[in-house]
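Below is coords29.txt, which holds compact mmCIF, C-alpha atoms and all ligand atoms.
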# COMPACT_ATOMS: atom_id res chain seq x y z
CA MET A 427 -5.61 -14.34 5.40
CA GLU A 428 -6.19 -17.76 3.82
CA ASN A 429 -9.80 -16.78 3.28
CA ILE A 430 -9.05 -13.59 1.40
CA VAL A 431 -6.41 -15.32 -0.74
CA ASN A 432 -9.01 -17.99 -1.69
CA GLU A 433 -11.52 -15.25 -2.54
CA ILE A 434 -8.95 -13.40 -4.67
CA ASN A 435 -8.17 -16.62 -6.56
CA ARG A 436 -11.88 -17.32 -7.10
CA LEU A 437 -12.53 -13.82 -8.45
CA LYS A 438 -9.42 -13.97 -10.60
CA LYS A 439 -10.81 -17.02 -12.44
CA GLU A 440 -14.29 -15.48 -12.71
CA ARG A 441 -12.89 -12.26 -14.23
CA ASN A 442 -10.18 -13.94 -16.36
CA ALA A 443 -7.70 -11.69 -14.54
CA ILE A 444 -4.01 -11.82 -13.74
CA ILE A 445 -2.15 -10.06 -10.95
CA LEU A 446 1.13 -8.35 -11.85
CA ALA A 447 3.38 -7.10 -9.07
CA HIS A 448 6.66 -5.26 -8.71
CA TYR A 449 9.38 -6.55 -6.36
CA TYR A 450 8.84 -3.54 -4.04
CA GLN A 451 5.37 -4.73 -3.05
CA ASP A 452 4.61 -6.00 0.42
CA PRO A 453 5.48 -9.75 0.64
CA SER A 454 1.76 -10.63 1.07
CA ILE A 455 1.09 -9.10 -2.38
CA GLN A 456 4.17 -10.66 -3.97
CA ASP A 457 2.95 -14.08 -2.83
CA ILE A 458 -0.42 -13.84 -4.61
CA ALA A 459 0.99 -12.40 -7.87
CA ASP A 460 0.88 -14.42 -11.09
CA PHE A 461 3.88 -12.51 -12.37
CA LEU A 462 6.61 -10.49 -10.66
CA GLY A 463 9.09 -8.37 -12.54
CA ASP A 464 11.12 -5.21 -12.98
CA SER A 465 9.69 -2.25 -14.89
CA LEU A 466 10.68 -3.65 -18.30
CA ALA A 467 9.25 -7.13 -17.69
CA LEU A 468 6.07 -5.59 -16.28
CA ALA A 469 5.71 -3.52 -19.46
CA GLN A 470 6.25 -6.59 -21.66
CA GLN A 471 4.16 -9.13 -19.75
CA PRO A 472 0.57 -7.86 -20.37
CA GLN A 473 1.03 -8.36 -24.14
CA LYS A 474 1.87 -12.01 -23.54
CA THR A 475 -1.36 -12.87 -21.73
CA ASN A 476 -4.92 -13.44 -22.92
CA ALA A 477 -6.35 -12.19 -19.62
CA ASP A 478 -9.14 -9.62 -19.91
CA VAL A 479 -8.27 -7.89 -16.66
CA ILE A 480 -4.88 -6.85 -15.29
CA VAL A 481 -4.65 -6.10 -11.59
CA PHE A 482 -1.53 -3.97 -11.34
CA CYS A 483 0.22 -3.96 -7.98
CA GLY A 484 2.88 -1.38 -8.68
CA VAL A 485 2.84 2.39 -9.08
CA HIS A 486 0.71 4.55 -11.36
CA PHE A 487 3.17 4.99 -14.24
CA MET A 488 3.49 1.18 -14.50
CA ALA A 489 -0.27 0.57 -14.67
CA GLU A 490 -0.60 3.49 -17.10
CA THR A 491 2.07 1.91 -19.31
CA ALA A 492 0.11 -1.36 -19.28
CA LYS A 493 -3.01 0.52 -20.43
CA ILE A 494 -1.12 2.45 -23.15
CA LEU A 495 0.21 -0.83 -24.57
CA ASN A 496 -3.02 -2.84 -24.04
CA PRO A 497 -6.01 -0.52 -24.54
CA GLU A 498 -8.41 -3.46 -25.02
CA LYS A 499 -7.70 -4.78 -21.51
CA ILE A 500 -9.19 -3.52 -18.26
CA VAL A 501 -6.32 -2.33 -16.05
CA VAL A 502 -7.14 -1.86 -12.38
CA MET A 503 -4.82 -0.65 -9.65
CA PRO A 504 -5.93 -1.55 -6.09
CA ASP A 505 -5.08 1.95 -4.78
CA LEU A 506 -4.82 4.84 -7.25
CA ASN A 507 -2.71 6.82 -4.76
CA ALA A 508 0.36 4.77 -5.67
CA GLY A 509 2.46 7.55 -7.22
CA CYS A 510 6.22 7.97 -7.63
CA SER A 511 8.46 10.85 -6.52
CA LEU A 512 10.52 10.57 -9.69
CA ALA A 513 7.49 10.76 -11.97
CA ASP A 514 6.18 13.71 -9.90
CA SER A 515 9.48 15.55 -10.28
CA ALA A 516 8.71 16.08 -13.98
CA PRO A 517 5.40 17.97 -14.36
CA ALA A 518 4.28 18.07 -18.00
CA ASP A 519 4.34 21.89 -18.37
CA LYS A 520 7.90 22.27 -17.02
CA PHE A 521 9.07 19.27 -19.05
CA LYS A 522 7.61 20.79 -22.24
CA LYS A 523 9.58 24.00 -21.63
CA TRP A 524 12.78 22.02 -20.98
CA VAL A 525 12.37 20.05 -24.21
CA GLU A 526 11.75 23.29 -26.14
CA GLU A 527 14.92 24.77 -24.62
CA HIS A 528 16.94 21.90 -26.15
CA PRO A 529 16.04 21.78 -29.84
CA GLY A 530 17.69 18.99 -31.86
CA HIS A 531 18.18 16.79 -28.77
CA VAL A 532 16.97 13.19 -28.60
CA VAL A 533 14.77 13.03 -25.50
CA ILE A 534 15.17 9.78 -23.55
CA SER A 535 12.84 9.40 -20.57
CA TYR A 536 13.06 6.81 -17.83
CA ILE A 537 9.78 4.88 -17.65
CA ASN A 538 9.13 6.48 -14.22
CA CYS A 539 7.23 9.41 -15.74
CA SER A 540 3.67 10.34 -16.67
CA ALA A 541 1.98 9.55 -19.99
CA GLU A 542 2.18 13.29 -20.84
CA VAL A 543 5.97 13.24 -20.40
CA LYS A 544 6.24 9.99 -22.38
CA ALA A 545 4.28 11.65 -25.19
CA MET A 546 6.94 14.42 -25.40
CA SER A 547 9.84 11.93 -25.41
CA ASP A 548 11.56 10.17 -28.31
CA ILE A 549 12.39 6.91 -26.51
CA ILE A 550 11.54 5.43 -23.10
CA CYS A 551 13.99 3.31 -21.14
CA THR A 552 14.14 1.37 -17.89
CA SER A 553 17.15 0.66 -15.70
CA SER A 554 17.65 -2.69 -17.46
CA ASN A 555 17.86 -1.34 -21.02
CA ALA A 556 18.97 2.32 -20.58
CA GLU A 557 22.57 1.71 -21.60
CA LYS A 558 21.57 -0.09 -24.79
CA ILE A 559 19.04 2.62 -25.66
CA ILE A 560 21.55 5.44 -25.16
CA ARG A 561 24.09 3.58 -27.31
CA SER A 562 21.45 3.26 -30.07
CA VAL A 563 21.45 7.05 -30.53
CA PRO A 564 24.00 8.23 -33.15
CA GLU A 565 27.08 9.86 -31.51
CA THR A 566 26.37 13.10 -33.39
CA LYS A 567 22.99 13.58 -31.70
CA PRO A 568 22.86 15.38 -28.34
CA ILE A 569 20.66 13.72 -25.67
CA CYS A 570 18.34 15.01 -22.95
CA PHE A 571 17.72 12.46 -20.18
CA ALA A 572 14.88 12.68 -17.62
CA PRO A 573 13.81 12.52 -14.86
CA ASP A 574 16.39 10.72 -12.64
CA ARG A 575 19.64 12.67 -12.33
CA TYR A 576 21.44 9.87 -10.45
CA LEU A 577 20.58 7.25 -13.06
CA GLY A 578 21.52 9.85 -15.69
CA SER A 579 24.94 10.54 -14.09
CA TYR A 580 25.61 6.81 -13.81
CA LEU A 581 24.75 6.37 -17.51
CA ILE A 582 27.00 9.27 -18.55
CA LYS A 583 29.90 7.49 -16.83
CA LYS A 584 28.97 4.11 -18.27
CA THR A 585 28.46 5.19 -21.89
CA GLY A 586 30.76 8.22 -22.09
CA ARG A 587 27.86 10.17 -23.63
CA ASN A 588 27.39 13.66 -22.32
CA MET A 589 23.66 14.16 -21.64
CA VAL A 590 21.60 17.08 -20.38
CA LEU A 591 19.93 15.83 -17.18
CA TRP A 592 16.58 16.64 -15.58
CA ASN A 593 16.97 17.26 -11.85
CA GLY A 594 14.72 14.53 -10.38
CA THR A 595 15.38 11.86 -7.74
CA CYS A 596 13.73 8.85 -6.14
CA GLN A 597 12.87 9.61 -2.52
CA VAL A 598 13.77 6.05 -1.46
CA HIS A 599 17.14 5.64 -3.16
CA GLU A 600 18.39 9.15 -2.43
CA THR A 601 18.14 8.65 1.34
CA PHE A 602 20.37 5.60 1.64
CA SER A 603 23.12 6.30 4.12
CA GLU A 604 26.79 5.97 3.21
CA GLN A 605 27.63 5.71 6.93
CA GLU A 606 25.26 2.74 7.30
CA LEU A 607 26.81 1.14 4.24
CA ILE A 608 30.34 1.49 5.64
CA SER A 609 29.23 0.07 8.98
CA LEU A 610 27.46 -2.92 7.28
CA GLN A 611 30.61 -3.59 5.27
CA ARG A 612 32.70 -3.55 8.47
CA LYS A 613 30.34 -6.04 10.13
CA HIS A 614 30.09 -8.28 7.04
CA PRO A 615 33.37 -7.95 5.12
CA GLU A 616 32.52 -10.89 2.82
CA ALA A 617 29.23 -9.36 1.64
CA LEU A 618 28.96 -8.03 -1.92
CA VAL A 619 27.13 -4.72 -2.42
CA LEU A 620 24.30 -4.86 -4.98
CA ALA A 621 22.79 -1.47 -5.84
CA HIS A 622 20.05 0.01 -8.00
CA PRO A 623 21.23 2.80 -10.36
CA GLU A 624 18.67 5.19 -8.82
CA CYS A 625 21.11 5.43 -5.87
CA PRO A 626 23.38 8.50 -5.62
CA GLU A 627 27.02 8.28 -6.69
CA ASN A 628 28.32 8.04 -3.08
CA ILE A 629 26.44 4.71 -2.71
CA LEU A 630 27.07 3.36 -6.24
CA HIS A 631 30.77 3.94 -5.61
CA TYR A 632 30.79 0.89 -3.24
CA ALA A 633 28.75 -1.42 -5.50
CA ASP A 634 30.04 -4.74 -6.80
CA TYR A 635 27.00 -4.92 -9.08
CA ILE A 636 24.64 -2.16 -10.33
CA GLY A 637 21.40 -3.10 -12.06
CA SER A 638 17.62 -3.23 -12.14
CA THR A 639 15.63 -5.17 -9.54
CA SER A 640 15.56 -8.26 -11.81
CA GLY A 641 19.28 -7.81 -12.46
CA ILE A 642 20.01 -7.73 -8.72
CA ILE A 643 18.00 -10.93 -8.16
CA LYS A 644 19.71 -12.68 -11.08
CA PHE A 645 23.17 -11.61 -9.93
CA ALA A 646 22.62 -12.77 -6.31
CA THR A 647 21.13 -16.08 -7.47
CA GLU A 648 23.99 -16.87 -9.85
CA SER A 649 26.77 -15.63 -7.56
CA SER A 650 28.90 -18.04 -5.55
CA SER A 651 28.99 -15.46 -2.71
CA LYS A 652 26.77 -16.12 0.29
CA GLU A 653 26.22 -12.62 1.72
CA PHE A 654 24.94 -9.44 0.11
CA ILE A 655 24.21 -5.85 1.13
CA ILE A 656 21.16 -4.68 -0.83
CA ALA A 657 20.93 -1.00 -1.78
CA THR A 658 17.40 -0.77 -3.12
CA GLU A 659 13.82 -0.91 -1.78
CA GLU A 660 13.52 -3.52 0.94
CA GLY A 661 10.64 -5.47 -0.66
CA ILE A 662 13.13 -7.16 -3.00
CA ILE A 663 14.61 -9.05 -0.01
CA HIS A 664 11.49 -11.27 0.04
CA GLN A 665 12.23 -12.65 -3.45
CA LEU A 666 15.97 -12.79 -2.83
CA LYS A 667 15.40 -14.99 0.23
CA LYS A 668 12.79 -17.14 -1.52
CA LYS A 669 15.13 -17.85 -4.42
CA ASN A 670 18.24 -18.19 -2.23
CA PRO A 671 17.32 -19.70 1.14
CA ASP A 672 20.99 -20.51 1.84
CA LYS A 673 22.19 -16.91 1.37
CA ILE A 674 22.05 -13.87 3.68
CA PHE A 675 20.81 -10.44 2.62
CA TYR A 676 21.37 -7.22 4.58
CA PRO A 677 19.03 -4.37 3.54
CA LEU A 678 20.79 -1.00 3.53
CA ALA A 679 19.11 1.45 5.90
CA SER A 680 18.45 5.13 5.31
CA LEU A 681 19.71 8.14 7.23
CA ASN A 682 19.01 7.93 10.97
CA GLY A 683 17.88 4.32 10.55
CA CYS A 684 14.37 5.40 9.44
CA ALA A 685 12.18 2.99 7.43
CA CYS A 686 12.65 5.15 4.32
CA ASN A 687 13.96 2.16 2.39
CA GLN A 688 10.31 1.15 1.90
CA CYS A 689 8.62 3.02 -0.94
CA PRO A 690 5.49 4.62 0.57
CA HIS A 691 3.82 4.60 -2.85
CA MET A 692 4.47 0.96 -3.69
CA ARG A 693 3.32 -0.11 -0.24
CA VAL A 694 -0.23 1.32 -0.38
CA HIS A 695 -1.69 -1.86 -1.90
CA THR A 696 -3.15 -4.48 0.46
CA LEU A 697 -4.89 -7.83 -0.01
CA ASP A 698 -8.24 -6.19 0.87
CA LYS A 699 -7.73 -3.59 -1.85
CA VAL A 700 -6.75 -6.28 -4.39
CA TYR A 701 -9.95 -8.16 -3.52
CA ASN A 702 -12.08 -5.01 -3.94
CA ALA A 703 -10.41 -4.14 -7.25
CA LEU A 704 -11.26 -7.59 -8.59
CA LEU A 705 -14.79 -7.45 -7.26
CA ASN A 706 -15.67 -3.95 -8.55
CA LEU A 707 -13.21 -3.68 -11.46
CA GLU A 708 -12.31 -0.29 -10.01
CA PRO A 709 -10.25 1.85 -9.68
CA GLN A 710 -9.43 1.57 -13.38
CA ILE A 711 -6.75 3.32 -15.40
CA TYR A 712 -8.26 5.50 -18.13
CA ILE A 713 -6.37 7.46 -20.75
CA SER A 714 -7.59 9.54 -23.69
CA GLU A 715 -6.95 7.92 -27.07
CA ASP A 716 -5.04 10.97 -28.35
CA LEU A 717 -2.59 10.91 -25.40
CA ARG A 718 -2.34 7.11 -25.51
CA LEU A 719 -1.26 7.15 -29.16
CA ARG A 720 1.37 9.83 -28.52
CA ALA A 721 2.78 8.00 -25.48
CA LEU A 722 2.70 4.68 -27.34
CA LYS A 723 5.32 5.67 -29.95
CA PRO A 724 8.35 6.09 -27.60
CA LEU A 725 7.27 2.99 -25.64
CA GLU A 726 7.17 0.93 -28.83
CA ARG A 727 10.65 2.18 -29.74
CA MET A 728 11.85 0.97 -26.34
CA LEU A 729 10.25 -2.46 -26.78
CA GLU A 730 11.75 -2.82 -30.27
CA LEU A 731 15.23 -1.91 -28.98
CA SER A 732 14.85 -4.33 -26.04
CA ARG A 733 14.25 -7.45 -28.15
P1 LIG B 801 13.22 -1.61 -11.85
O1 LIG B 801 12.33 -2.65 -11.21
O2 LIG B 801 12.95 -1.50 -13.32
O3 LIG B 801 14.64 -1.83 -11.52
O4 LIG B 801 12.78 -0.19 -11.25
C1 LIG B 801 12.85 0.16 -9.93
C2 LIG B 801 11.90 1.23 -9.53
O5 LIG B 801 12.20 2.12 -8.79
C3 LIG B 801 10.57 1.19 -10.02
O6 LIG B 801 9.92 2.31 -9.65
FE1 LIG B 802 9.25 5.87 -7.52
FE2 LIG B 802 11.36 5.48 -5.98
FE3 LIG B 802 9.06 4.40 -5.30
FE4 LIG B 802 10.40 3.44 -7.43
S1 LIG B 802 11.04 3.37 -5.30
S2 LIG B 802 8.23 3.89 -7.31
S3 LIG B 802 11.31 5.34 -8.21
S4 LIG B 802 9.50 6.60 -5.43
Once you've parsed the file, please lay out its structure as structure tokens.
Amino acid sequence: MENIVNEINRLKKERNAIILAHYYQDPSIQDIADFLGDSLALAQQPQKTNADVIVFCGVHFMAETAKILNPEKIVVMPDLNAGCSLADSAPADKFKKWVEEHPGHVVISYINCSAEVKAMSDIICTSSNAEKIIRSVPETKPICFAPDRYLGSYLIKKTGRNMVLWNGTCQVHETFSEQELISLQRKHPEALVLAHPECPENILHYADYIGSTSGIIKFATESSSKEFIIATEEGIIHQLKKKNPDKIFYPLASLNGCACNQCPHMRVHTLDKVYNALLNLEPQIYISEDLRLRALKPLERMLELSR
């Protein structure tokens, strides 16, 4: 292990590369990352670096976003199979039809979608800026929101804006068990419940705090409470514990106690694959210039509104 980490660091210098990772990565990947963040921070970070190569340890839509915003940089993803059930729930042809069925609507898409879907959207959002972005749309304009219906329902409640929702879900967050949550709360009555807004309503209902992965880490770190039940992908527990060694975190389990609270897509990257990506500068993210320019517009609107 020490050997491969040394080799990764050597190649990183040689290639003038940086490693970006999402909080849902395996702890071994989180520990070698130069930068960890939520989807918004991971979209903003590549523009702040003068690295020539970005090794993206996240899922495909994240690496694709990095390439759309930084076409001059080489973006490699250690395993190209890292997809996302939410992004897959909105195929471009069906999405196009849906948009056409709602003329005059402002189309807001969660960043968990393909470049083709981004290109057909007016503004992109993440879980950390969605509320602000929805509020930026004039009250008179109807809104279509895609692809996460749970995040969409949560935002309708939060903003009071009635939106037309695409019927997509995250396979990790939708399987959290309410029964498990109730039983964890009985065992640990002092624990606060921190949840990601991709969770269904029956889980969010119990939450003391709802926010993005970075938001959850910030809340737990600043809170005077000592115990927390965490309703999002289990990888985040690694950072929570690192930043708060004196606090206790209980990951919420899924139905039947299965390990479904680990995202199978996020977890495909390994140290060996990171090493190979740095060595071969493959697999790379490629995107046609025409599609890139169309997907860039709604991303730039998001970045402007997030300043
Ligand atoms: P955030 O890190 O932006 O909260 O997103 C969570 C997620 O599911 C990414 O796919
Ligand atoms: Fe997609 Fe859910 Fe995995 Fe995030 S946790 S990458 S939304 S499948």
- [ ] Would you mind listing the residues within 7 Å of ligand LIG 802 (chain B), counting all atoms listed in the file, as an NGL selection string?
- [x] :A and (485 or 509-513 or 538 or 596-599 or 659 or 689-692)
TODO: Tell me, as a ChimeraX atom specification, which residues lie within 8 Å of range 563-571 of chain A, counting all atoms listed in the file; anything in the same chain fewer than 5 positions away does not count.
DONE: /A:525,528,530-536,578,587-592
- [ ] Find the spatial neighbours of range 433-450 of chain A, counting all atoms listed in the file, within a cut-off of 8 Å - ignore same-chain residues fewer than 4 positions away - and output them as number ranges by chain.
- [x] A: 429, 455-456, 458-465, 468, 477-484, 639, 659-662, 665, 688-689, 692-693, 700-701, 704-705
Task: Between CA of Tyr632 in chain A and CA of Ala679 in chain A, distance in Å (one decimal) - done: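 Going from CA of Tyr632 in chain A over to CA of Ala679 in chain A, I get 14.8 Å.
The nearest approach to ligand LIG 801 (chain B) among the residues A:Ser547, A:Ile560, A:Ile643, A:Lys613, with only C-alpha atoms and all ligand atoms taken into account, belongs to A:Ile643.
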- [ ] Counting all atoms listed in the file, select every polymer residue within 10 Å of (18.6, 1.8, -23.9) as defined in the file's coordinates, and provide the selection as a PyMOL selection string.
- [x] chain A and resi 534+536+549-563+581+727-729+731-732
Could you save the residues just selected, with C-alpha atoms, as a PDB file, keeping the file's coordinate frame?
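That gives us part-v6.pdb:
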ATOM      1  CA  ILE A 534      15.170   9.780 -23.550  1.00  0.00           C
ATOM      2  CA  TYR A 536      13.060   6.810 -17.830  1.00  0.00           C
ATOM      3  CA  ILE A 549      12.390   6.910 -26.510  1.00  0.00           C
ATOM      4  CA  ILE A 550      11.540   5.430 -23.100  1.00  0.00           C
ATOM      5  CA  CYS A 551      13.990   3.310 -21.140  1.00  0.00           C
ATOM      6  CA  THR A 552      14.140   1.370 -17.890  1.00  0.00           C
ATOM      7  CA  SER A 553      17.150   0.660 -15.700  1.00  0.00           C
ATOM      8  CA  SER A 554      17.650  -2.690 -17.460  1.00  0.00           C
ATOM      9  CA  ASN A 555      17.860  -1.340 -21.020  1.00  0.00           C
ATOM     10  CA  ALA A 556      18.970   2.320 -20.580  1.00  0.00           C
ATOM     11  CA  GLU A 557      22.570   1.710 -21.600  1.00  0.00           C
ATOM     12  CA  LYS A 558      21.570  -0.090 -24.790  1.00  0.00           C
ATOM     13  CA  ILE A 559      19.040   2.620 -25.660  1.00  0.00           C
ATOM     14  CA  ILE A 560      21.550   5.440 -25.160  1.00  0.00           C
ATOM     15  CA  ARG A 561      24.090   3.580 -27.310  1.00  0.00           C
ATOM     16  CA  SER A 562      21.450   3.260 -30.070  1.00  0.00           C
ATOM     17  CA  VAL A 563      21.450   7.050 -30.530  1.00  0.00           C
ATOM     18  CA  LEU A 581      24.750   6.370 -17.510  1.00  0.00           C
ATOM     19  CA  ARG A 727      10.650   2.180 -29.740  1.00  0.00           C
ATOM     20  CA  MET A 728      11.850   0.970 -26.340  1.00  0.00           C
ATOM     21  CA  LEU A 729      10.250  -2.460 -26.780  1.00  0.00           C
ATOM     22  CA  LEU A 731      15.230  -1.910 -28.980  1.00  0.00           C
ATOM     23  CA  SER A 732      14.850  -4.330 -26.040  1.00  0.00           C
TER      24      SER A 732
END
Task: Point (16.7, -21.0, -5.4) neighbourhood (12 Å, all atoms listed in the file) written as an NGL selection string - done: :A and (643-644 or 646-649 or 665-673)
Keeping C-alpha atoms for every residue in the selection just given, could you write it to a file as a short mmCIF file (atom, residue, chain, number, x, y, z; two decimals), keeping the file's coordinate frame?
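Written out: out22.cif:
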data_model
loop_
_atom_site.label_atom_id
_atom_site.label_comp_id
_atom_site.auth_asym_id
_atom_site.auth_seq_id
_atom_site.Cartn_x
_atom_site.Cartn_y
_atom_site.Cartn_z
CA ILE A 643 18.00 -10.93 -8.16
CA LYS A 644 19.71 -12.68 -11.08
CA ALA A 646 22.62 -12.77 -6.31
CA THR A 647 21.13 -16.08 -7.47
CA GLU A 648 23.99 -16.87 -9.85
CA SER A 649 26.77 -15.63 -7.56
CA GLN A 665 12.23 -12.65 -3.45
CA LEU A 666 15.97 -12.79 -2.83
CA LYS A 667 15.40 -14.99 0.23
CA LYS A 668 12.79 -17.14 -1.52
CA LYS A 669 15.13 -17.85 -4.42
CA ASN A 670 18.24 -18.19 -2.23
CA PRO A 671 17.32 -19.70 1.14
CA ASP A 672 20.99 -20.51 1.84
CA LYS A 673 22.19 -16.91 1.37
#
- [ ] Kindly indicate which residue among A:His631, A:Pro504, A:Cys686, A:Met427 lies nearest to Ser454 in chain A, using only C-alpha atoms for the distances.
- [x] A:Met427
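A straight line drawn from CA of Glu600 in chain A to CA of Ala621 in chain A is 12.0 Å long.
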Let me have the centre and edge lengths in Å, one decimal, of the box along x, y and z around every listed atom of ligand LIG 801 (chain B) with 3 Å of margin on each side, as AutoDock Vina command-line options.
--center_x 12.3 --center_y -0.2 --center_z -11.1 --size_x 10.7 --size_y 11.0 --size_z 10.5
Open item on the list: For a test of reading the model, state the distance in Å between CA of Phe654 in chain A and CA of Ser640 in chain A, rounded to one decimal.
Closed with: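 If I compute the distance from CA of Phe654 in chain A to CA of Ser640 in chain A, I get 15.2 Å.
Closest approach to Glu490 in chain A among A:Asn706, A:Gln470, A:Ser540, A:Asn628: A:Ser540, based on all atoms listed in the file.
Shortest separation to Leu506 in chain A among A:His486, A:Leu620, A:Ile674, A:Trp524 occurs at residue A:His486, atoms counted being all atoms listed in the file.
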Task: Best match for closeness to Ser603 in chain A among A:Lys544, A:His664, A:Ser680, A:Leu630, counting only C-alpha atoms - done: A:Ser680
Open item on the list: With distances taken over only C-alpha atoms and all ligand atoms, which residue among A:Glu428, A:Glu624, A:Glu498, A:Asp457 lies nearest ligand LIG 801 (chain B)?
Closed with: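 Of A:Glu428, A:Glu624, A:Glu498, A:Asp457, the one nearest ligand LIG 801 (chain B), counting only C-alpha atoms and all ligand atoms, is A:Glu624.
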